[in-house]
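J.: This is the content of model-v3.txt (compact mmCIF, C-alpha atoms):
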# COMPACT_ATOMS: atom_id res chain seq x y z
CA MET A 1 0.00 0.00 0.00
CA ASN A 2 1.54 3.28 -1.13
CA PHE A 3 0.26 5.82 1.39
CA LYS A 4 1.43 8.71 -0.81
CA ILE A 5 -1.58 7.97 -3.02
CA LEU A 6 -3.69 9.49 -0.23
CA ASN A 7 -1.98 12.91 -0.54
CA THR A 8 -4.48 15.64 -1.39
CA GLU A 9 -2.99 16.54 -4.76
CA VAL A 10 -2.87 12.87 -5.81
CA GLN A 11 -6.49 12.32 -4.83
CA GLN A 12 -7.44 15.44 -6.80
CA PHE A 13 -5.58 14.08 -9.82
CA ILE A 14 -7.46 10.75 -9.59
CA VAL A 15 -10.85 12.47 -9.42
CA ALA A 16 -9.95 14.88 -12.22
CA ASN A 17 -9.03 11.97 -14.53
CA LEU A 18 -12.00 9.66 -13.98
CA LYS A 19 -13.21 10.41 -17.52
CA SER A 20 -9.76 10.41 -19.10
CA ASP A 21 -8.48 7.93 -21.69
CA ILE A 22 -6.39 5.59 -19.53
CA THR A 23 -4.14 4.51 -22.39
CA LYS A 24 -3.19 8.11 -23.20
CA LEU A 25 -2.77 8.87 -19.50
CA ILE A 26 -0.33 5.98 -19.04
CA LEU A 27 1.76 7.19 -22.00
CA LYS A 28 2.17 10.58 -20.31
CA GLY A 29 3.71 8.98 -17.21
CA SER A 30 3.22 9.90 -13.57
CA PRO A 31 3.38 13.56 -12.50
CA PHE A 32 4.28 12.48 -8.94
CA ASN A 33 7.51 11.25 -7.42
CA ASP A 34 7.29 7.80 -5.75
CA ILE A 35 3.93 6.98 -7.39
CA SER A 36 4.03 5.08 -10.67
CA ILE A 37 1.60 5.77 -13.48
CA GLN A 38 0.45 2.12 -13.15
CA GLU A 39 -0.55 2.76 -9.52
CA LEU A 40 -2.45 5.88 -10.54
CA ALA A 41 -4.16 4.07 -13.42
CA ASN A 42 -5.30 1.30 -11.09
CA GLN A 43 -6.78 3.81 -8.64
CA ILE A 44 -8.66 5.54 -11.46
CA ILE A 45 -9.96 2.31 -13.04
CA ALA A 46 -10.99 0.80 -9.69
CA LYS A 47 -12.75 4.01 -8.66
CA GLN A 48 -14.57 4.10 -12.01
CA LYS A 49 -15.80 0.53 -11.42
CA SER A 50 -17.05 1.55 -7.97
CA GLU A 51 -19.29 4.40 -9.08
CA LEU A 52 -22.38 2.25 -9.60
CA LYS A 53 -21.33 -0.89 -7.76
CA LEU A 54 -20.01 0.74 -4.55
CA PRO A 55 -21.46 4.26 -4.31
CA ASN A 56 -20.52 4.69 -0.63
CA TRP A 57 -16.88 3.97 -1.42
CA PHE A 58 -16.98 6.13 -4.56
CA THR A 59 -18.28 9.21 -2.72
CA THR A 60 -16.12 8.86 0.42
CA LYS A 61 -12.86 10.80 0.52
CA ASN A 62 -9.46 9.07 0.79
CA ILE A 63 -10.64 5.58 -0.18
CA TYR A 64 -7.70 3.44 -1.25
CA TYR A 65 -8.47 0.97 -4.02
CA PRO A 66 -6.86 -2.47 -4.39
CA PRO A 67 -6.10 -4.07 -7.78
CA LYS A 68 -9.20 -3.80 -9.93
CA ILE A 69 -9.83 -7.57 -9.81
CA SER A 70 -10.79 -7.18 -6.12
CA ILE A 71 -13.43 -4.63 -7.15
CA GLU A 72 -14.71 -6.93 -9.89
CA GLN A 73 -14.99 -9.91 -7.54
CA THR A 74 -16.50 -8.13 -4.52
CA SER A 75 -20.20 -8.03 -3.73
CA SER A 76 -22.06 -4.96 -4.89
CA GLU A 77 -23.64 -2.79 -2.21
CA THR A 78 -27.05 -3.89 -3.52
CA THR A 79 -26.40 -7.60 -2.91
CA ALA A 80 -24.45 -6.98 0.32
CA ALA A 81 -27.39 -5.04 1.79
CA TYR A 82 -29.75 -7.87 0.87
CA LYS A 83 -27.67 -10.63 2.47
CA SER A 84 -27.14 -8.62 5.67
CA ASN A 85 -30.87 -8.89 6.31
CA LEU A 86 -30.91 -12.69 6.06
CA ILE A 87 -29.15 -13.28 9.37
CA LEU A 88 -29.32 -11.96 12.91
CA GLY A 89 -27.18 -12.04 16.03
CA ASN A 90 -24.48 -10.18 17.93
CA SER A 91 -21.32 -11.59 16.33
CA ILE A 92 -20.33 -12.63 12.82
CA ILE A 93 -17.01 -13.58 11.25
CA ASP A 94 -16.21 -13.35 7.55
CA ILE A 95 -13.37 -15.83 7.02
CA THR A 96 -12.79 -14.78 3.38
CA GLY A 97 -13.10 -11.02 3.79
CA GLY A 98 -11.93 -9.64 0.44
CA PHE A 99 -12.62 -5.93 -0.11
CA GLY A 100 -14.96 -5.93 2.90
CA VAL A 101 -18.24 -4.76 1.36
CA ASP A 102 -20.25 -7.57 2.96
CA CYS A 103 -18.72 -6.89 6.39
CA TYR A 104 -19.61 -3.21 6.04
CA TYR A 105 -23.28 -4.16 5.74
CA PHE A 106 -23.05 -6.86 8.41
CA SER A 107 -21.78 -4.13 10.74
CA LYS A 108 -25.19 -2.45 10.48
CA GLN A 109 -26.89 -5.60 11.84
CA PHE A 110 -24.30 -7.12 14.21
CA LYS A 111 -22.54 -5.62 17.23
CA GLU A 112 -19.24 -7.39 16.46
CA VAL A 113 -17.84 -8.17 13.01
CA ILE A 114 -14.48 -9.84 12.29
CA HIS A 115 -13.02 -9.48 8.81
CA CYS A 116 -10.34 -12.07 7.94
CA GLU A 117 -8.29 -11.60 4.78
CA ILE A 118 -5.31 -13.78 3.89
CA ASN A 119 -3.78 -11.10 1.63
CA SER A 120 -2.00 -8.80 4.09
CA GLU A 121 -1.95 -5.78 1.76
CA LEU A 122 -5.66 -6.08 1.01
CA SER A 123 -6.35 -6.43 4.74
CA THR A 124 -4.45 -3.18 5.37
CA ILE A 125 -6.39 -1.42 2.61
CA VAL A 126 -9.74 -2.61 3.96
CA ASN A 127 -8.89 -1.52 7.50
CA HIS A 128 -7.92 1.94 6.22
CA ASN A 129 -11.15 2.24 4.23
CA TYR A 130 -13.32 1.26 7.22
CA GLN A 131 -11.78 4.20 9.06
CA GLN A 132 -12.74 6.54 6.20
CA LEU A 133 -16.25 5.06 6.19
CA LYS A 134 -16.38 5.63 9.99
CA VAL A 135 -17.14 2.01 10.85
CA LYS A 136 -16.30 1.27 14.48
CA ASN A 137 -17.39 -2.34 15.08
CA ILE A 138 -15.31 -4.27 12.52
CA THR A 139 -12.02 -5.89 13.56
CA SER A 140 -9.65 -6.71 10.71
CA PHE A 141 -7.43 -9.80 10.93
CA SER A 142 -4.68 -10.39 8.38
CA GLY A 143 -4.38 -14.12 7.91
CA ASP A 144 -6.20 -17.37 7.16
CA GLY A 145 -9.79 -17.23 8.41
CA LEU A 146 -9.98 -20.96 9.15
CA GLU A 147 -6.81 -20.73 11.22
CA PHE A 148 -8.30 -17.78 13.11
CA LEU A 149 -11.32 -19.92 13.99
CA LYS A 150 -9.13 -22.85 15.07
CA ASN A 151 -7.20 -20.59 17.44
CA SER A 152 -10.29 -18.86 18.82
CA ASN A 153 -12.44 -20.00 21.74
CA GLN A 154 -15.31 -17.79 20.61
CA LYS A 155 -18.55 -19.15 19.21
CA PHE A 156 -20.14 -16.87 16.63
CA ASP A 157 -23.76 -16.26 15.77
CA CYS A 158 -22.88 -16.65 12.10
CA ILE A 159 -19.91 -17.55 9.89
CA TYR A 160 -19.88 -15.99 6.43
CA ILE A 161 -17.82 -17.53 3.61
CA ASP A 162 -17.19 -16.46 0.02
CA PRO A 163 -14.98 -19.29 -1.29
CA SER A 164 -12.50 -18.51 -4.05
CA ARG A 165 -13.55 -20.19 -7.26
CA ARG A 166 -10.06 -20.45 -8.71
CA ASN A 167 -7.75 -23.37 -8.07
CA ASP A 168 -4.04 -23.40 -8.97
CA LEU A 169 -4.36 -26.81 -10.58
CA LYS A 170 -7.89 -26.76 -11.97
CA GLY A 171 -8.35 -23.09 -12.88
CA LYS A 172 -12.00 -22.04 -12.70
CA VAL A 173 -13.97 -24.60 -10.68
CA PHE A 174 -17.63 -25.58 -10.44
CA LEU A 175 -17.83 -27.62 -7.22
CA LEU A 176 -17.61 -26.32 -3.65
CA LYS A 177 -15.01 -28.94 -2.70
CA ASP A 178 -12.65 -27.49 -5.32
CA CYS A 179 -12.93 -23.92 -3.96
CA GLU A 180 -10.76 -22.28 -1.30
CA PRO A 181 -11.47 -22.83 1.50
CA ASN A 182 -12.95 -26.30 1.05
CA VAL A 183 -16.25 -25.81 2.87
CA PRO A 184 -17.58 -29.40 2.59
CA GLU A 185 -14.33 -30.75 4.08
CA ASN A 186 -14.55 -28.31 7.01
CA ILE A 187 -18.30 -28.26 7.54
CA ASP A 188 -18.29 -30.18 10.86
CA PHE A 189 -15.56 -27.93 12.26
CA LEU A 190 -17.43 -24.81 11.13
CA PHE A 191 -20.58 -25.99 12.88
CA SER A 192 -18.58 -26.43 16.08
CA LYS A 193 -18.07 -22.63 15.99
CA THR A 194 -21.58 -21.54 15.02
CA ASN A 195 -25.13 -22.72 14.39
CA GLN A 196 -25.51 -20.60 11.27
CA ILE A 197 -23.40 -20.41 8.09
CA LEU A 198 -24.00 -18.16 5.09
CA ILE A 199 -22.10 -19.07 1.93
CA LYS A 200 -21.87 -16.86 -1.15
CA ASN A 201 -21.34 -18.75 -4.37
CA SER A 202 -20.82 -17.97 -8.02
CA PRO A 203 -23.80 -18.14 -10.42
CA ILE A 204 -22.03 -20.93 -12.31
CA LEU A 205 -22.28 -23.29 -9.33
CA ASP A 206 -24.72 -26.18 -9.76
CA ILE A 207 -27.38 -25.92 -7.04
CA THR A 208 -28.08 -29.64 -6.73
CA SER A 209 -24.38 -30.50 -6.48
CA ALA A 210 -23.89 -27.87 -3.77
CA ILE A 211 -26.84 -29.21 -1.76
CA ASN A 212 -25.35 -32.71 -1.95
CA GLU A 213 -21.95 -31.41 -0.81
CA LEU A 214 -23.29 -29.52 2.22
CA LYS A 215 -25.22 -30.22 5.43
CA PHE A 216 -28.30 -28.59 6.93
CA VAL A 217 -29.16 -26.33 4.00
CA LYS A 218 -32.13 -24.22 5.09
CA GLU A 219 -32.49 -21.66 2.30
CA ILE A 220 -31.00 -20.86 -1.09
CA HIS A 221 -31.25 -17.29 -2.36
CA ILE A 222 -30.64 -16.59 -6.04
CA ILE A 223 -29.93 -12.89 -6.58
CA ALA A 224 -30.12 -11.28 -10.00
CA VAL A 225 -29.53 -7.59 -10.68
CA LYS A 226 -31.12 -6.25 -13.88
CA ASN A 227 -31.77 -9.82 -14.99
CA GLU A 228 -28.17 -11.01 -14.54
CA VAL A 229 -27.59 -13.58 -11.80
CA LYS A 230 -24.89 -12.23 -9.49
CA GLU A 231 -24.87 -14.51 -6.44
CA LEU A 232 -26.12 -17.79 -5.02
CA LEU A 233 -26.49 -17.67 -1.24
CA PHE A 234 -26.70 -20.86 0.80
CA LEU A 235 -28.00 -20.38 4.36
CA LEU A 236 -27.16 -23.34 6.60
CA GLU A 237 -28.62 -23.89 10.06
CA LYS A 238 -27.29 -26.63 12.32
CA ASP A 239 -29.60 -29.64 12.72
CA THR A 240 -32.36 -28.12 10.59
CA LEU A 241 -34.86 -30.63 9.23
CA GLN A 242 -36.98 -28.16 7.29
CA PRO A 243 -37.56 -28.51 3.54
CA ILE A 244 -35.12 -26.30 1.64
CA LYS A 245 -36.61 -22.99 0.50
CA ILE A 246 -35.49 -21.60 -2.86
CA LYS A 247 -35.95 -17.82 -3.03
CA THR A 248 -35.35 -15.95 -6.27
CA LEU A 249 -34.86 -12.22 -6.50
CA ASN A 250 -34.41 -9.95 -9.52
CA ILE A 251 -33.55 -6.37 -8.58
CA THR A 252 -34.31 -3.81 -11.29
CA ASN A 253 -34.18 -0.01 -11.27
CA ASN A 254 -37.68 0.42 -9.88
CA ASN A 255 -38.88 -3.04 -8.92
CA ILE A 256 -37.95 -6.26 -7.12
CA GLU A 257 -39.33 -9.46 -8.64
CA THR A 258 -39.60 -12.38 -6.23
CA PHE A 259 -40.59 -16.01 -6.53
CA GLN A 260 -40.04 -18.89 -4.14
CA PHE A 261 -40.74 -22.58 -3.76
CA LYS A 262 -39.58 -25.63 -1.84
CA TYR A 263 -36.70 -27.54 -3.40
CA GLN A 264 -38.25 -30.93 -2.64
CA GLU A 265 -41.55 -30.04 -4.35
CA LYS A 266 -41.24 -31.18 -7.96
CA GLY A 267 -44.51 -29.68 -9.23
CA THR A 268 -46.32 -30.35 -12.50
CA SER A 269 -47.06 -28.24 -15.57
CA ILE A 270 -50.06 -28.05 -17.87
CA TYR A 271 -49.23 -27.42 -21.53
CA SER A 272 -50.93 -25.33 -24.19
CA GLU A 273 -50.39 -23.71 -27.55
CA PRO A 274 -49.52 -19.98 -27.20
CA LEU A 275 -52.63 -18.09 -26.08
CA THR A 276 -53.04 -14.31 -25.53
CA TYR A 277 -50.01 -13.50 -23.38
CA LEU A 278 -46.44 -14.82 -23.28
CA TYR A 279 -44.22 -14.83 -20.17
CA GLU A 280 -40.46 -15.24 -19.99
CA PRO A 281 -39.06 -15.89 -16.46
CA ASN A 282 -36.25 -13.69 -15.15
CA ALA A 283 -32.70 -15.02 -14.91
CA ALA A 284 -32.98 -15.90 -11.20
CA ILE A 285 -35.96 -18.20 -11.84
CA LEU A 286 -34.21 -19.77 -14.82
CA LYS A 287 -31.21 -20.52 -12.58
CA SER A 288 -33.46 -22.00 -9.87
CA GLY A 289 -34.89 -24.70 -12.13
CA GLY A 290 -38.38 -24.17 -10.66
CA PHE A 291 -40.11 -24.35 -14.02
CA HIS A 292 -43.04 -26.57 -13.00
CA GLN A 293 -43.49 -24.55 -9.81
CA VAL A 294 -43.96 -21.38 -11.90
CA SER A 295 -46.70 -23.06 -13.93
CA GLN A 296 -48.36 -24.51 -10.84
CA GLN A 297 -48.19 -21.50 -8.50
CA LEU A 298 -49.08 -18.85 -11.07
CA LYS A 299 -51.63 -21.03 -12.89
CA LEU A 300 -49.94 -20.62 -16.25
CA PHE A 301 -49.67 -22.98 -19.18
CA LYS A 302 -46.22 -24.05 -20.31
CA ILE A 303 -45.66 -23.92 -24.07
CA GLN A 304 -43.15 -26.79 -24.21
CA GLN A 305 -41.33 -28.88 -21.61
CA HIS A 306 -37.83 -27.53 -22.24
CA ALA A 307 -38.62 -24.05 -23.61
CA HIS A 308 -39.51 -22.47 -20.23
CA LEU A 309 -42.00 -20.04 -21.75
CA TYR A 310 -45.49 -19.62 -20.33
CA THR A 311 -48.82 -18.44 -21.66
CA SER A 312 -52.31 -17.44 -20.48
CA VAL A 313 -55.57 -15.95 -21.67
CA GLU A 314 -55.81 -13.46 -18.81
CA LEU A 315 -52.93 -11.09 -18.00
CA ILE A 316 -51.13 -11.68 -14.68
CA HIS A 317 -48.32 -9.94 -12.79
CA PHE A 318 -45.24 -12.02 -13.62
CA PRO A 319 -41.63 -12.12 -12.35
CA GLY A 320 -39.99 -11.59 -15.70
CA ARG A 321 -40.88 -10.18 -19.11
CA THR A 322 -44.49 -10.08 -20.34
CA PHE A 323 -45.64 -9.89 -23.96
CA LYS A 324 -48.87 -9.66 -25.91
CA ILE A 325 -48.95 -12.38 -28.58
CA GLU A 326 -49.83 -11.06 -32.03
CA LYS A 327 -49.45 -14.21 -34.11
CA VAL A 328 -47.83 -17.65 -34.14
CA ILE A 329 -46.46 -19.23 -37.32
CA PRO A 330 -44.45 -22.34 -38.20
CA TYR A 331 -40.76 -21.58 -38.65
CA ASP A 332 -40.42 -20.33 -42.22
CA LYS A 333 -37.76 -17.77 -43.24
CA LYS A 334 -39.76 -16.28 -46.11
CA GLN A 335 -42.93 -15.96 -44.07
CA ILE A 336 -41.03 -14.29 -41.21
CA LEU A 337 -39.59 -11.64 -43.54
CA LYS A 338 -43.04 -10.82 -44.92
CA LEU A 339 -44.42 -10.25 -41.43
CA VAL A 340 -41.62 -8.21 -39.83
CA PRO A 341 -41.89 -4.44 -40.45
CA HIS A 342 -38.72 -2.55 -41.37
CA LYS A 343 -36.78 -5.85 -41.18
CA LYS A 344 -35.96 -5.20 -37.50
CA ALA A 345 -36.82 -7.44 -34.55
CA ASN A 346 -35.67 -8.49 -31.09
CA ILE A 347 -34.97 -12.21 -31.18
CA THR A 348 -35.02 -14.75 -28.35
CA ILE A 349 -34.48 -18.50 -28.74
CA ARG A 350 -35.81 -21.12 -26.31
CA ASN A 351 -35.08 -24.79 -27.03
CA PHE A 352 -34.52 -23.97 -30.69
CA PRO A 353 -31.91 -25.70 -32.91
CA LYS A 354 -30.42 -22.48 -34.32
CA THR A 355 -28.59 -19.61 -32.65
CA VAL A 356 -29.69 -15.98 -32.77
CA ALA A 357 -26.70 -15.24 -35.03
CA GLN A 358 -27.72 -18.00 -37.46
CA ILE A 359 -31.31 -16.75 -37.57
CA ARG A 360 -30.19 -13.17 -38.24
CA LYS A 361 -27.88 -14.34 -41.01
CA GLU A 362 -30.64 -16.40 -42.66
CA THR A 363 -33.40 -13.80 -42.34
CA LYS A 364 -31.29 -10.60 -42.66
CA LEU A 365 -33.23 -9.21 -39.68
CA LYS A 366 -31.49 -6.40 -37.79
CA ASN A 367 -31.70 -5.97 -34.04
CA GLY A 368 -34.17 -3.47 -32.56
CA GLY A 369 -37.65 -2.19 -33.22
CA ASN A 370 -40.87 -3.00 -31.37
CA THR A 371 -41.35 -6.54 -32.67
CA TYR A 372 -40.25 -9.40 -30.41
CA LEU A 373 -39.80 -12.84 -31.94
CA PHE A 374 -39.54 -16.01 -29.87
CA PHE A 375 -38.12 -18.96 -31.78
CA THR A 376 -39.09 -22.11 -29.92
CA LYS A 377 -41.01 -25.41 -30.09
CA ASN A 378 -44.63 -26.16 -29.27
CA ASN A 379 -45.70 -29.15 -27.22
CA ASN A 380 -45.69 -31.31 -30.35
CA ASN A 381 -42.01 -30.37 -30.85
CA ASN A 382 -42.77 -28.40 -34.01
CA LEU A 383 -40.61 -25.34 -34.64
CA ILE A 384 -42.62 -22.16 -34.24
CA VAL A 385 -42.12 -18.38 -34.15
CA ILE A 386 -44.18 -16.30 -31.73
CA PHE A 387 -44.67 -12.64 -32.74
CA CYS A 388 -45.10 -10.37 -29.71
CA ASN A 389 -45.28 -6.82 -28.43
CA LYS A 390 -43.67 -6.16 -25.08
CA LEU A 391 -45.91 -4.94 -22.26
What does this structure look like when you write it as structure tokens?

T.:
Amino acid sequence: MNFKILNTEVQQFIVANLKSDITKLILKGSPFNDISIQELANQIIAKQKSELKLPNWFTTKNIYYPPKISIEQTSSETTAAYKSNLILGNSIIDITGGFGVDCYYFSKQFKEVIHCEINSELSTIVNHNYQQLKVKNITSFSGDGLEFLKNSNQKFDCIYIDPSRRNDLKGKVFLLKDCEPNVPENIDFLFSKTNQILIKNSPILDITSAINELKFVKEIHIIAVKNEVKELLFLLEKDTLQPIKIKTLNITNNNIETFQFKYQEKGTSIYSEPLTYLYEPNAAILKSGGFHQVSQQLKLFKIQQHAHLYTSVELIHFPGRTFKIEKVIPYDKKQILKLVPHKKANITIRNFPKTVAQIRKETKLKNGGNTYLFFTKNNNNNLIVIFCNKL
């Protein structure tokens, strides 16, 4: 950590160059002694990335930014605020602290928060930033979080873990046991230190595999922001025998779409040809796999088993996109071109044998306009195109 970056004139330079071309800036070199242009560029880039993701950090003076990868990998303030409301108690320890955004929000709910970060420089940076953010109830520990727990006699109300999804031998990994730390391997030890564990996982993680790797899973929260899945949260409670709740959440600019069901409930769907309205589930629901539960709970017809599109005669409030169906035709390139005004359309494929790029190449349709085309199959497995207007 180069403390000279916190000098007033350096901070002013960083703020003044937030809109600058970084490549050109690097070529000019650093205007300051003992601060390289690479260090300055990193501060500018990381601060830029924080503007929407971490607004409290962005607007606070004298924040020191780590390498930009730490900003890319950290929770956003939106998701951190959500997860802080899932758990209660007096004490919580984050054994994989990172940039400390989650701990910042935990500190609003818990009296005592311990932030463990194995990277000593990042730990120093986080501790400095907490002081700028005027947080008083977080203790920073530089070192291995599991080792901290092994050397501590304290029992915590909750342990929070965000395992690293990169492995020196395997690269990017998809199972919890291949992450660092290995939560399944240490699960019994972790439950000797708490009755409640909250685990943040990557969207690429397979939910069923994770359930099979863990113990006492109580709830799974799937968080999407603007229809992009950002986090999977596994809430574990010691000795729980309850059915696992799956809760999906899609946070948009002016709305929060929610849907939930029990993991053990398989559900059934009723099928129909496209009717008056078409519904496309948001990304969190698609990740959850609760496709029959959507049909059953919301009393909607499914168009085809693997297409995950729904239809109804009457309009309902739906957690996802809603469309008015104008017409349905068999897949025919010439017929499609005759029916699309201005040769522009928004294209979505669901269980269709061709990609969007292939369809655009074949039909010469450009992206945009007010026409929405869904290329899919009906329940007889015939290829169809559904013409819609978005509601």

J.: Using atom CA of Asn379 of chain A and atom CA of Gln304 of chain A as the two end points, give the distance in Å to one decimal.

T.: 4.6 Å

J.: When distances are computed from all atoms listed in the file, which of A:Asp332, A:Asp94, A:Glu273, A:Glu257 shows the smallest separation from Gly320 of chain A?

T.: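 Among the listed residues, A:Glu257 lies closest to Gly320 of chain A.
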
J.: Between atom CA of Glu117 of chain A and atom CA of Glu180 of chain A, measure the distance and give it in Å to one decimal.

T.: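 Pair atom CA of Glu117 of chain A / atom CA of Glu180 of chain A returns 12.5 Å.
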
J.: Compile the contact shell of segment 346-360 of chain A as JSON, numbers by chain: residues with an atom at most 8 Å away, counting all atoms listed in the file, same-chain residues fewer than 2 positions apart removed.

T.: {"A": [306, 307, 308, 309, 344, 362, 363, 364, 365, 366, 367, 368, 369, 370, 371, 372, 373, 374, 375, 376, 377, 383]}

J.: Using all atoms listed in the file for the distances, tell me which of A:Tyr271, A:Tyr279, A:Phe318, A:Phe259 is nearest to Ile303 of chain A.

T.: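 For Ile303 of chain A, the nearest of the candidates is A:Tyr271.
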
J.: To one decimal in Å, tell me the separation between atom CA of Lys226 of chain A and atom CA of Glu51 of chain A.

T.: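 Atom-to-atom, atom CA of Lys226 of chain A to atom CA of Glu51 of chain A, that is 16.6 Å.
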
J.: Taking (-36.4, -19.8, -2.7) as a centre in this file's frame and 8 Å as the limit, can you find every polymer residue with an atom that close, using all atoms listed in the file, and give them as a ChimeraX atom specification?

T.: /A:219-222,244-248,259-263

J.: Would you please work out which residue, of A:Val340, A:Leu249, A:Val15, A:Ile92, is nearest to Ala284 of chain A when using only C-alpha atoms?

T.: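 Nearest to Ala284 of chain A: A:Leu249.
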
J.: Nearest to Ile207 of chain A: which of A:Leu176, A:Ile329, A:Ile93, A:Cys158 is it, counting all atoms listed in the file?

T.: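 Of all the options, A:Leu176 lies closest to Ile207 of chain A.
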
J.: Using only C-alpha atoms and a cutoff of 9 Å, can you tell me which residues are near (-22.1, -24.1, -5.8) in the file's coordinates, and write them out as a PyMOL selection string?

T.: chain A and resi 174-176+200-211+213+232+234

J.: Report as a ChimeraX atom specification all protein, DNA and RNA residues lying within 12 Å of Thr59 of chain A, evaluated on all atoms listed in the file, omitting residues in the same chain fewer than 6 positions from it.

T.: /A:15,47-48,50-53,132-133

J.: Counting only C-alpha atoms, which residue out of A:Glu280, A:Asp162, A:Asp188, A:Glu39 sits closest to Leu233 of chain A?

T.: A:Asp162

J.: I'd like the neighbourhood of Leu241 of chain A as JSON, numbers by chain, where a residue qualifies if any of its atoms comes within 12 Å (using only C-alpha atoms), though same-chain residues fewer than 6 positions away should be ignored.

T.: {"A": [215, 216, 217, 218, 219]}

J.: Here is a test: counting all atoms listed in the file, which residue of A:His317, A:Lys238, A:Gln196, A:Pro274 is nearest to Thr258 of chain A?

T.: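 Smallest separation from Thr258 of chain A among the options: A:His317.
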
J.: Pick out the residues sitting within 12 Å of Phe156 of chain A, and hand them over as an MDAnalysis selection string; count all atoms listed in the file, and ignore anything fewer than 3 positions along from it in its own chain.

T.: chainID A and resid 88:95 110:114 149 152:153 159:160 190:197

J.: List the spatial neighbours of Thr60 of chain A as JSON, numbers by chain - criterion: any atom at most 10 Å away, all atoms listed in the file, same-chain residues fewer than 3 positions off excluded.

T.: {"A": [55, 56, 57, 63, 129, 132, 133]}
